[in-house]
>>> print(open('input-v5.tsv').read())   # TSV, C-alpha atoms and all ligand atoms
chain	number	residue	atom	x	y	z
A	1	MET	CA	-1.37	24.20	13.78
A	2	LYS	CA	-2.00	23.78	10.08
A	3	VAL	CA	-1.06	20.17	9.55
A	4	SER	CA	-0.73	17.92	6.53
A	5	PHE	CA	0.53	14.40	5.77
A	6	PRO	CA	1.42	12.22	2.76
A	7	TYR	CA	-1.39	10.95	0.57
A	8	MET	CA	-1.23	7.15	0.72
A	9	GLY	CA	-4.31	5.04	0.16
A	10	CYS	CA	-7.32	5.82	2.32
A	11	VAL	CA	-6.49	8.94	4.39
A	12	THR	CA	-9.75	9.45	6.34
A	13	GLY	CA	-8.26	8.02	9.56
A	14	TYR	CA	-5.25	10.37	9.61
A	15	LYS	CA	-7.49	13.35	8.98
A	16	LYS	CA	-9.82	12.30	11.78
A	17	ILE	CA	-7.17	11.99	14.49
A	18	LEU	CA	-5.67	15.41	13.66
A	19	GLU	CA	-9.10	17.07	13.61
A	20	MET	CA	-10.00	15.48	16.94
A	21	LEU	CA	-6.84	16.97	18.43
A	22	GLY	CA	-7.95	20.41	17.26
A	23	HIS	CA	-5.57	20.92	14.32
A	24	GLU	CA	-6.50	22.60	11.08
A	25	VAL	CA	-5.95	19.88	8.49
A	26	ILE	CA	-4.60	20.87	5.10
A	27	MET	CA	-5.80	17.84	3.16
A	28	PRO	CA	-3.08	16.54	0.84
A	29	GLN	CA	-4.25	16.10	-2.72
A	30	LYS	CA	-4.21	12.72	-4.40
A	31	PRO	CA	-0.97	12.77	-6.44
A	32	THR	CA	-1.34	13.79	-10.08
A	33	GLN	CA	1.20	14.04	-12.87
A	34	LYS	CA	1.73	17.66	-11.76
A	35	THR	CA	2.53	16.48	-8.19
A	36	ILE	CA	5.02	13.95	-9.54
A	37	ASP	CA	6.66	16.51	-11.87
A	38	LEU	CA	7.02	18.90	-8.96
A	39	GLY	CA	8.54	16.20	-6.75
A	40	VAL	CA	10.93	15.05	-9.46
A	41	LYS	CA	12.09	18.63	-10.05
A	42	TYR	CA	13.12	19.20	-6.42
A	43	SER	CA	14.31	15.70	-5.41
A	44	PRO	CA	17.74	14.10	-5.78
A	45	GLU	CA	17.75	12.31	-9.14
A	46	PHE	CA	18.53	8.82	-7.83
A	47	ILE	CA	16.33	8.80	-4.76
A	48	CYS	CA	13.55	6.22	-4.78
A	49	PHE	CA	10.26	7.06	-6.49
A	50	PRO	CA	8.00	7.37	-3.35
A	51	PHE	CA	10.31	10.12	-2.02
A	52	LYS	CA	9.69	12.15	-5.17
A	53	VAL	CA	5.92	11.74	-5.07
A	54	MET	CA	5.83	12.71	-1.38
A	55	MET	CA	8.08	15.69	-2.12
A	56	GLY	CA	5.54	16.92	-4.66
A	57	THR	CA	2.66	16.28	-2.23
A	58	TYR	CA	4.42	18.24	0.53
A	59	ILE	CA	5.20	21.19	-1.76
A	60	GLU	CA	1.54	21.35	-2.78
A	61	ALA	CA	0.42	21.16	0.88
A	62	VAL	CA	2.89	23.83	2.01
A	63	GLN	CA	1.78	26.10	-0.81
A	64	ARG	CA	-1.76	25.75	0.57
A	65	GLY	CA	-0.62	26.78	4.06
A	66	ALA	CA	0.65	23.64	5.88
A	67	GLU	CA	3.10	24.50	8.69
A	68	VAL	CA	3.74	20.97	9.89
A	69	ILE	CA	3.86	17.70	7.98
A	70	ILE	CA	3.45	14.43	9.85
A	71	SER	CA	4.71	11.19	8.42
A	72	SER	CA	6.12	7.81	9.39
A	73	GLY	CA	9.76	6.75	9.26
A	74	GLY	CA	11.69	3.59	8.60
A	75	HIS	CA	14.86	1.80	9.54
A	76	GLY	CA	17.44	-0.61	8.20
A	77	PRO	CA	19.19	-0.21	4.85
A	78	CYS	CA	16.24	1.61	3.33
A	79	ARG	CA	15.94	5.30	2.60
A	80	ALA	CA	12.63	5.74	4.45
A	81	GLY	CA	14.60	6.49	7.63
A	82	LEU	CA	16.03	9.62	6.01
A	83	TYR	CA	12.91	10.82	4.20
A	84	GLY	CA	11.77	13.28	6.90
A	85	GLU	CA	15.08	15.10	7.34
A	86	VAL	CA	15.78	15.35	3.61
A	87	HIS	CA	12.23	16.47	2.78
A	88	GLU	CA	12.42	19.15	5.46
A	89	LYS	CA	15.84	20.36	4.24
A	90	ILE	CA	14.60	20.66	0.67
A	91	LEU	CA	11.44	22.51	1.73
A	92	LYS	CA	13.47	24.94	3.89
A	93	HIS	CA	15.94	25.43	1.04
A	94	MET	CA	12.98	26.37	-1.16
A	95	GLY	CA	12.09	29.06	1.38
A	96	TYR	CA	9.19	27.33	3.18
A	97	ASP	CA	9.05	27.55	6.97
A	98	VAL	CA	7.79	24.04	7.71
A	99	GLN	CA	8.55	21.24	10.13
A	100	VAL	CA	8.42	17.58	9.16
A	101	ILE	CA	7.60	15.37	12.15
A	102	ILE	CA	8.37	11.70	11.78
A	103	PHE	CA	6.74	9.05	13.92
A	104	ASP	CA	8.80	5.92	14.07
A	105	SER	CA	8.10	2.76	16.02
A	106	ILE	CA	7.48	3.63	19.68
A	107	PHE	CA	9.98	0.93	20.68
A	108	ARG	CA	12.95	2.31	18.74
A	109	ASP	CA	13.37	5.71	20.37
A	110	PHE	CA	10.73	6.42	22.97
A	111	GLY	CA	12.20	9.87	23.86
A	112	THR	CA	11.83	11.28	20.33
A	113	PHE	CA	8.45	9.61	19.94
A	114	TYR	CA	7.21	11.27	23.13
A	115	THR	CA	8.57	14.73	22.13
A	116	HIS	CA	6.73	14.49	18.81
A	117	LEU	CA	3.59	13.26	20.50
A	118	LYS	CA	3.67	16.22	22.90
A	119	LYS	CA	3.74	18.61	19.99
A	120	VAL	CA	1.00	16.86	18.04
A	121	ARG	CA	-1.34	16.31	20.99
A	122	ASN	CA	-1.90	20.07	21.09
A	123	GLY	CA	-2.37	20.36	24.85
A	124	ALA	CA	-4.85	17.47	25.04
A	125	SER	CA	-4.68	15.23	28.11
A	126	LEU	CA	-3.12	11.81	27.77
A	127	ILE	CA	-6.53	10.20	28.30
A	128	LYS	CA	-8.12	12.24	25.49
A	129	LEU	CA	-5.17	11.48	23.24
A	130	ILE	CA	-5.46	7.72	23.80
A	131	LYS	CA	-9.23	7.87	23.31
A	132	ASP	CA	-8.86	9.81	20.03
A	133	ILE	CA	-6.16	7.49	18.72
A	134	ARG	CA	-8.27	4.43	19.52
A	135	PHE	CA	-11.28	5.95	17.82
A	136	ALA	CA	-9.34	6.93	14.68
A	137	PHE	CA	-7.79	3.46	14.63
A	138	GLN	CA	-11.24	1.89	14.69
A	139	ILE	CA	-12.20	4.01	11.68
A	140	ILE	CA	-9.06	2.91	9.86
A	141	CYS	CA	-9.71	-0.78	10.62
A	142	ARG	CA	-13.33	-0.67	9.51
A	143	MET	CA	-12.52	1.18	6.30
A	144	ASP	CA	-9.68	-1.25	5.55
A	145	GLU	CA	-12.07	-4.15	6.04
A	146	ILE	CA	-14.54	-2.66	3.53
A	147	GLU	CA	-11.79	-1.84	1.05
A	148	LYS	CA	-10.57	-5.45	1.18
A	149	LYS	CA	-14.07	-6.65	0.41
A	150	ILE	CA	-14.45	-4.21	-2.49
A	151	LYS	CA	-11.23	-5.42	-4.13
A	152	ILE	CA	-12.72	-8.91	-4.29
A	153	LEU	CA	-16.33	-8.19	-5.21
A	154	ARG	CA	-15.59	-5.43	-7.74
A	155	ALA	CA	-14.24	-8.13	-10.06
A	156	TYR	CA	-17.83	-9.28	-10.55
A	157	GLU	CA	-19.85	-6.05	-10.54
A	158	LEU	CA	-22.63	-5.96	-13.12
A	159	ASN	CA	-22.65	-2.19	-13.57
A	160	ARG	CA	-19.15	-0.82	-13.96
A	161	GLY	CA	-18.45	1.84	-11.33
A	162	ASP	CA	-21.00	0.76	-8.68
A	163	PHE	CA	-18.37	-0.14	-6.08
A	164	ASN	CA	-16.33	3.00	-6.70
A	165	ARG	CA	-19.39	5.20	-6.33
A	166	ALA	CA	-20.28	3.39	-3.11
A	167	TRP	CA	-16.71	3.78	-1.80
A	168	VAL	CA	-16.82	7.56	-2.33
A	169	GLU	CA	-20.05	7.71	-0.27
A	170	ILE	CA	-18.61	5.38	2.40
A	171	GLN	CA	-15.57	7.63	2.85
A	172	LYS	CA	-17.91	10.59	3.40
A	173	LEU	CA	-19.90	8.56	5.96
A	174	TYR	CA	-16.81	7.76	8.03
A	175	ASP	CA	-15.52	11.29	7.68
A	176	LYS	CA	-18.61	12.49	9.56
A	177	CYS	CA	-18.12	10.09	12.51
A	178	TRP	CA	-17.33	11.73	15.84
A	179	THR	CA	-18.78	9.22	18.32
A	180	GLN	CA	-18.92	5.45	18.73
A	181	GLN	CA	-22.60	5.59	17.87
A	182	ASP	CA	-21.83	7.41	14.58
A	183	LEU	CA	-19.24	4.77	13.83
A	184	GLU	CA	-21.56	1.82	14.38
A	185	LYS	CA	-24.23	3.46	12.24
A	186	ALA	CA	-21.77	4.27	9.44
A	187	SER	CA	-20.41	0.70	9.42
A	188	LYS	CA	-23.91	-0.76	9.19
A	189	ILE	CA	-24.85	1.49	6.27
A	190	ALA	CA	-21.50	0.92	4.54
A	191	HIS	CA	-21.79	-2.88	4.63
A	192	GLN	CA	-25.39	-2.67	3.48
A	193	MET	CA	-24.33	-0.49	0.53
A	194	ILE	CA	-21.68	-3.01	-0.50
A	195	ASN	CA	-24.00	-6.00	-0.07
A	196	ASP	CA	-26.73	-4.35	-2.17
A	197	ILE	CA	-24.52	-3.96	-5.26
A	198	PRO	CA	-25.51	-6.54	-7.89
A	199	ILE	CA	-22.69	-8.89	-8.83
A	200	ARG	CA	-22.19	-11.69	-11.32
A	201	LYS	CA	-22.24	-15.19	-9.81
A	202	VAL	CA	-19.12	-17.28	-10.42
A	203	LYS	CA	-18.21	-20.85	-9.64
A	204	ASP	CA	-15.41	-21.28	-7.16
A	205	ASP	CA	-13.08	-22.90	-9.71
A	206	GLU	CA	-13.56	-19.97	-12.11
A	207	ARG	CA	-12.29	-17.38	-9.69
A	208	ILE	CA	-8.88	-15.89	-10.46
A	209	ARG	CA	-7.19	-14.60	-7.32
A	210	VAL	CA	-4.07	-12.46	-7.45
A	211	GLY	CA	-2.01	-11.21	-4.49
A	212	ILE	CA	-0.30	-7.82	-4.63
A	213	VAL	CA	3.01	-7.48	-2.80
A	214	GLY	CA	5.78	-4.90	-2.90
A	215	GLU	CA	6.94	-1.58	-1.54
A	216	ILE	CA	4.34	-0.13	0.83
A	217	TYR	CA	3.83	3.26	-0.86
A	218	VAL	CA	3.47	2.01	-4.41
A	219	ILE	CA	1.16	-0.85	-3.52
A	220	MET	CA	-1.11	1.34	-1.39
A	221	GLU	CA	-1.35	4.44	-3.54
A	222	SER	CA	-3.34	3.84	-6.72
A	223	SER	CA	-2.23	7.06	-8.41
A	224	VAL	CA	1.34	5.75	-8.70
A	225	ASN	CA	0.61	2.11	-9.50
A	226	MET	CA	-1.53	2.57	-12.63
A	227	ASN	CA	-4.57	1.86	-10.46
A	228	ILE	CA	-3.57	-1.79	-10.67
A	229	GLU	CA	-6.24	-3.16	-8.35
A	230	GLN	CA	-9.05	-1.54	-10.33
A	231	ASN	CA	-7.37	-2.64	-13.52
A	232	LEU	CA	-7.26	-6.28	-12.40
A	233	ASN	CA	-10.83	-6.15	-11.11
A	234	ASN	CA	-11.88	-4.87	-14.54
A	235	MET	CA	-10.37	-8.06	-15.99
A	236	GLY	CA	-12.54	-10.12	-13.63
A	237	VAL	CA	-9.65	-10.82	-11.24
A	238	GLU	CA	-9.97	-10.72	-7.45
A	239	VAL	CA	-7.22	-8.84	-5.66
A	240	GLU	CA	-5.71	-9.08	-2.22
A	241	ASN	CA	-3.23	-6.39	-1.24
A	242	VAL	CA	-0.87	-7.16	1.65
A	243	GLN	CA	-0.53	-3.63	2.97
A	244	TYR	CA	-3.09	-1.60	4.88
A	245	ILE	CA	-2.54	1.16	7.39
A	246	SER	CA	-4.24	-0.88	10.13
A	247	ASP	CA	-1.65	-3.66	9.66
A	248	TRP	CA	1.23	-1.17	9.67
A	249	VAL	CA	0.01	0.29	12.98
A	250	LYS	CA	-0.42	-3.18	14.51
A	251	HIS	CA	3.07	-4.20	13.45
A	252	ASN	CA	4.75	-1.02	14.68
A	253	THR	CA	3.01	-1.02	18.05
A	254	ARG	CA	3.97	-4.67	18.60
A	255	GLY	CA	0.48	-5.94	19.09
A	256	PHE	CA	-0.85	-3.07	21.24
A	257	PHE	CA	-3.61	-2.53	18.66
A	258	GLY	CA	-3.98	-6.20	17.72
A	259	SER	CA	-1.82	-8.83	16.12
A	260	SER	CA	-0.11	-8.31	12.78
A	261	LYS	CA	0.85	-11.06	10.35
A	262	ALA	CA	4.27	-9.54	9.65
A	263	GLU	CA	6.27	-11.83	11.96
A	264	GLN	CA	4.49	-14.88	10.62
A	265	MET	CA	5.36	-13.80	7.03
A	266	ILE	CA	9.00	-13.22	7.94
A	267	GLY	CA	9.04	-16.80	9.28
A	268	LYS	CA	7.64	-18.13	5.99
A	269	ALA	CA	10.25	-16.17	4.00
A	270	ARG	CA	13.22	-17.82	5.76
A	271	ARG	CA	13.02	-20.71	3.33
A	272	PHE	CA	14.25	-18.33	0.58
A	273	VAL	CA	16.10	-15.46	2.30
A	274	LYS	CA	17.97	-15.28	5.55
A	275	MET	CA	17.81	-11.60	6.47
A	276	ASN	CA	15.76	-8.45	6.11
A	277	CYS	CA	17.36	-5.89	3.83
A	278	GLY	CA	14.96	-3.09	4.75
A	279	GLY	CA	11.43	-2.04	3.93
A	280	HIS	CA	9.13	-5.04	3.68
A	281	ASP	CA	11.31	-7.25	1.48
A	282	MET	CA	11.22	-10.30	3.73
A	283	GLU	CA	7.53	-9.95	4.50
A	284	ASN	CA	6.80	-9.78	0.78
A	285	ILE	CA	8.55	-13.07	0.16
A	286	GLY	CA	6.64	-14.59	3.07
A	287	TRP	CA	3.40	-13.33	1.54
A	288	MET	CA	4.23	-15.06	-1.75
A	289	VAL	CA	4.54	-18.35	0.15
A	290	ASP	CA	1.32	-17.56	2.00
A	291	PHE	CA	-0.57	-16.82	-1.23
A	292	LYS	CA	0.56	-20.16	-2.63
A	293	GLU	CA	-0.54	-21.97	0.53
A	294	ARG	CA	-3.96	-20.32	0.31
A	295	GLY	CA	-4.42	-21.40	-3.30
A	296	PHE	CA	-4.00	-18.04	-5.03
A	297	ASP	CA	-3.42	-18.20	-8.78
A	298	ALA	CA	-0.64	-15.62	-9.06
A	299	VAL	CA	1.21	-12.74	-7.46
A	300	ILE	CA	2.12	-9.30	-8.80
A	301	HIS	CA	5.13	-7.61	-7.22
A	302	LEU	CA	5.45	-3.83	-7.48
A	303	MET	CA	8.71	-2.04	-6.84
A	304	PRO	CA	9.67	1.58	-7.20
A	305	PHE	CA	12.66	2.38	-9.35
A	306	GLY	CA	15.65	2.90	-7.05
A	307	CYS	CA	14.35	0.70	-4.21
A	308	LEU	CA	17.07	-1.54	-2.80
A	309	PRO	CA	14.91	-3.82	-0.60
A	310	GLU	CA	12.49	-4.63	-3.39
A	311	LEU	CA	15.36	-5.17	-5.81
A	312	ILE	CA	16.45	-7.94	-3.45
A	313	THR	CA	12.91	-9.38	-3.52
A	314	GLN	CA	12.88	-9.15	-7.30
A	315	SER	CA	16.14	-11.06	-7.61
A	316	ALA	CA	14.69	-13.91	-5.54
A	317	ILE	CA	11.48	-14.12	-7.57
A	318	PRO	CA	12.66	-16.54	-10.33
A	319	THR	CA	13.64	-19.11	-7.68
A	320	ILE	CA	10.49	-18.56	-5.62
A	321	SER	CA	8.28	-18.75	-8.70
A	322	LYS	CA	9.92	-21.97	-9.84
A	323	GLU	CA	9.91	-23.70	-6.47
A	324	LEU	CA	6.35	-22.73	-5.58
A	325	LYS	CA	5.10	-23.19	-9.16
A	326	LEU	CA	3.44	-19.84	-8.77
A	327	PRO	CA	3.32	-17.25	-11.58
A	328	ILE	CA	4.84	-13.99	-10.28
A	329	LEU	CA	5.07	-10.80	-12.31
A	330	SER	CA	7.40	-8.07	-11.09
A	331	LEU	CA	6.87	-4.51	-12.31
A	332	SER	CA	9.08	-1.51	-11.71
A	333	LEU	CA	7.37	1.88	-11.36
A	334	ASP	CA	8.79	5.36	-11.70
A	335	GLU	CA	7.91	8.87	-12.81
A	336	GLN	CA	7.65	7.82	-16.44
A	337	MET	CA	3.93	7.29	-16.16
A	338	GLY	CA	3.27	5.84	-19.64
A	339	THR	CA	1.09	2.83	-18.91
A	340	ALA	CA	0.95	0.97	-22.25
A	341	ASN	CA	4.02	-1.19	-21.58
A	342	ASN	CA	2.98	-2.36	-18.11
A	343	GLN	CA	-0.65	-2.70	-19.18
A	344	THR	CA	0.36	-5.10	-21.96
A	345	ARG	CA	2.46	-7.12	-19.53
A	346	ILE	CA	-0.37	-7.35	-17.00
A	347	GLU	CA	-2.89	-8.44	-19.64
A	348	ALA	CA	-0.52	-11.08	-21.03
A	349	PHE	CA	0.21	-12.30	-17.50
A	350	ILE	CA	-3.46	-12.66	-16.62
A	351	ASP	CA	-4.05	-14.54	-19.90
A	352	LEU	CA	-1.30	-16.95	-18.90
A	353	VAL	CA	-2.78	-17.41	-15.44
A	354	ARG	CA	-6.24	-18.06	-16.91
A	355	ASN	CA	-4.81	-20.61	-19.32
A	356	LEU	CA	-2.99	-22.40	-16.53
A	357	LYS	CA	-6.21	-22.52	-14.54
A	358	SER	CA	-8.46	-23.77	-17.33
A	359	ALA	CA	-6.08	-26.26	-18.97
A	360	PRO	CA	-6.50	-29.96	-18.12
A	361	LYS	CA	-4.07	-31.10	-15.39
A	362	THR	CA	-1.71	-32.94	-17.79
A	363	GLU	CA	-1.47	-29.87	-20.00
A	364	VAL	CA	-0.82	-27.68	-16.99
A	365	LYS	CA	2.35	-29.61	-16.32
A	366	GLU	CA	3.51	-29.01	-19.91
A	367	ILE	CA	2.58	-25.32	-19.86
A	368	GLU	CA	4.25	-24.85	-16.50
A	369	ASP	CA	7.42	-26.56	-17.67
A	370	GLU	CA	7.47	-24.37	-20.76
A	371	VAL	CA	6.96	-21.22	-18.74
A	372	TRP	CA	9.57	-22.02	-16.12
A	373	ASN	CA	12.07	-23.15	-18.77
A	374	ALA	CA	11.48	-19.98	-20.80
A	375	LYS	CA	12.03	-17.94	-17.65
A	376	LEU	CA	15.25	-19.75	-16.86
A	377	LEU	CA	16.48	-19.38	-20.43
A	378	LYS	CA	15.74	-15.65	-20.30
A	379	GLN	CA	17.67	-15.42	-17.05
A	380	GLU	CA	20.63	-17.31	-18.47
A	381	LEU	CA	20.69	-15.10	-21.56
A	382	ALA	CA	20.48	-11.98	-19.42
A	383	GLY	CA	23.21	-13.25	-17.10
B	1	LIG	S1	11.33	0.58	0.71
B	1	LIG	FE1	12.39	1.21	-1.14
B	1	LIG	S2	11.18	2.81	-2.06
B	1	LIG	FE2	10.48	2.57	0.04
B	1	LIG	S3	11.73	4.06	1.14
B	1	LIG	FE3	12.82	2.13	1.27
B	1	LIG	S4	14.27	2.20	-0.45
B	1	LIG	FE4	12.72	3.78	-0.81
>>> encode(input="input-v5.tsv", output="structure tokens")
Amino acid sequence: MKVSFPYMGCVTGYKKILEMLGHEVIMPQKPTQKTIDLGVKYSPEFICFPFKVMMGTYIEAVQRGAEVIISSGGHGPCRAGLYGEVHEKILKHMGYDVQVIIFDSIFRDFGTFYTHLKKVRNGASLIKLIKDIRFAFQIICRMDEIEKKIKILRAYELNRGDFNRAWVEIQKLYDKCWTQQDLEKASKIAHQMINDIPIRKVKDDERIRVGIVGEIYVIMESSVNMNIEQNLNNMGVEVENVQYISDWVKHNTRGFFGSSKAEQMIGKARRFVKMNCGGHDMENIGWMVDFKERGFDAVIHLMPFGCLPELITQSAIPTISKELKLPILSLSLDEQMGTANNQTRIEAFIDLVRNLKSAPKTEVKEIEDEVWNAKLLKQELAG
């Protein structure tokens, strides 16, 4: 089968599992403005932004020969649960003979999960399938681990672009892994490459650490979030993103592949919200609390235009920010890709965070009071 999938963050692991099962992989292209325009043209106007980007990605993949598209689903009052069916309908309506297969949590509907698995396993035995999945999952975990490290160290690189160049080479290394031995060798070389990059030394109290929370697609895919992680690193800011594919797999297999922090985060969120409204809204609030507890300096929340769950998170942010005394910036992203407005807001926000960090303690109290009061005043005026 000629198979494709959505482009979301690091895609080496998805490619690997499909290749190991003997499929011809039509690699999705990293979304560009053309992809987004295409998606916007054929999507319902008021659907959430990730749907449109994926629509464009699928059209491009189908035009290059994909017969099957594999993606993940969702549940609760969030549109992700309908993505697959609606995408497939639109593609068929456009005249493309394509099937969209959605893998949802194994525990929600085992029958459908098994039917899809049968199709995707391409005649492979159950033992081979499990072995291949485990191997691909190891690749995903190791690459996620390196990516996390890069998003911290890149803030201090001496020669701009060193980490990005290394990351391109690291992706190629993992792409060539077919055995456990290959994997161990690739990991050793990859870590060595990262460790060899010269970085600026900083004192602990000079580090600015920002957590990124929000809707899974927009926080994972740099082409739709103004490359925010790179952008912050360029300002000398360390970044920690809360979403990685390895965590998603752990959460949706209920610990079969290792423990996920999702449940713990939902527990931390209960102080501010009582129920999950879909997507990762509750987890995101829990992560804000977690970032505060771990001494982070600020949080940036990204939400796609038209996303109900993250709108709920956004509405809780003024209270959370005030109670935790944690600066939180919420940005809405859509197909209007002009970056100047958001760029200015991010720069101003980081300036504020730096000032809070460097001001003497007594001043901090005054600055904080001013900031929170200004926020409340703005809210009152808006309300
Ligand atoms: S979380 Fe938001 S953007 Fe993502 S699918 Fe659900 S409604 Fe759409």
>>> axis_aligned_box(input="input-v5.tsv", around="ligand LIG 1 (chain B)", padding_each_side="3 Å", output="lines of an AutoDock Vina configuration file")
center_x = 12.4
center_y = 2.3
center_z = -0.4
size_x = 9.8
size_y = 9.5
size_z = 9.3
>>> residues_near_ligand(input="input-v5.tsv", ligand="ligand LIG 1 (chain B)", cutoff="7 Å", atoms="all atoms listed in the file", output="PyMOL selection string")
chain A and resi 48-51+78-80+215-217+278-280+304+306-310
>>> closest_atom_pairs(input="input-v5.tsv", of="stretch 51-149 of chain A", to="stretch 323-343 of chain A", cutoff="12 Å", atoms="all atoms listed in the file", output="CSV")
residue,atom,partner,partner_atom,distance
A:Phe51,CA,A:Asp334,CA,10.9
A:Lys52,CA,A:Glu335,CA,8.5
A:Val53,CA,A:Glu335,CA,8.5
A:Gly56,CA,A:Glu335,CA,11.7
>>> atom_distance(input="input-v5.tsv", atom1="atom CA of A:Met94", atom2="atom CA of A:Ser223")
25.6 Å
>>> residues_around(input="input-v5.tsv", residues="A:Glu184", least_positions_apart="2", cutoff="12 Å", atoms="only C-alpha atoms", output="MDAnalysis selection string")
chainID A and resid 135 138:139 142 173:174 177:182 186:191
>>> atom_distance(input="input-v5.tsv", atom1="atom CA of A:Leu158", atom2="atom CA of A:Met220")
25.6 Å
>>> residues_around(input="input-v5.tsv", residues="stretch 116-121 of chain A", least_positions_apart="5", cutoff="8 Å", atoms="all atoms listed in the file", output="JSON, numbers by chain")
{"A": [21, 101, 102, 103, 129]}
>>> residues_around(input="input-v5.tsv", residues="A:Glu147", least_positions_apart="2", cutoff="12 Å", atoms="all atoms listed in the file", output="NGL selection string")
:A and (9-10 or 140-145 or 149-154 or 163-164 or 166-168 or 170-171 or 190-191 or 194 or 220 or 229-230 or 239-241 or 243-246)
>>> atom_distance(input="input-v5.tsv", atom1="atom CA of A:Val25", atom2="atom CA of A:Glu60")
13.6 Å
>>> residues_around(input="input-v5.tsv", residues="A:Val242", least_positions_apart="5", cutoff="9 Å", atoms="only C-alpha atoms", output="ChimeraX atom specification")
/A:211-214,216,219,247,284,287
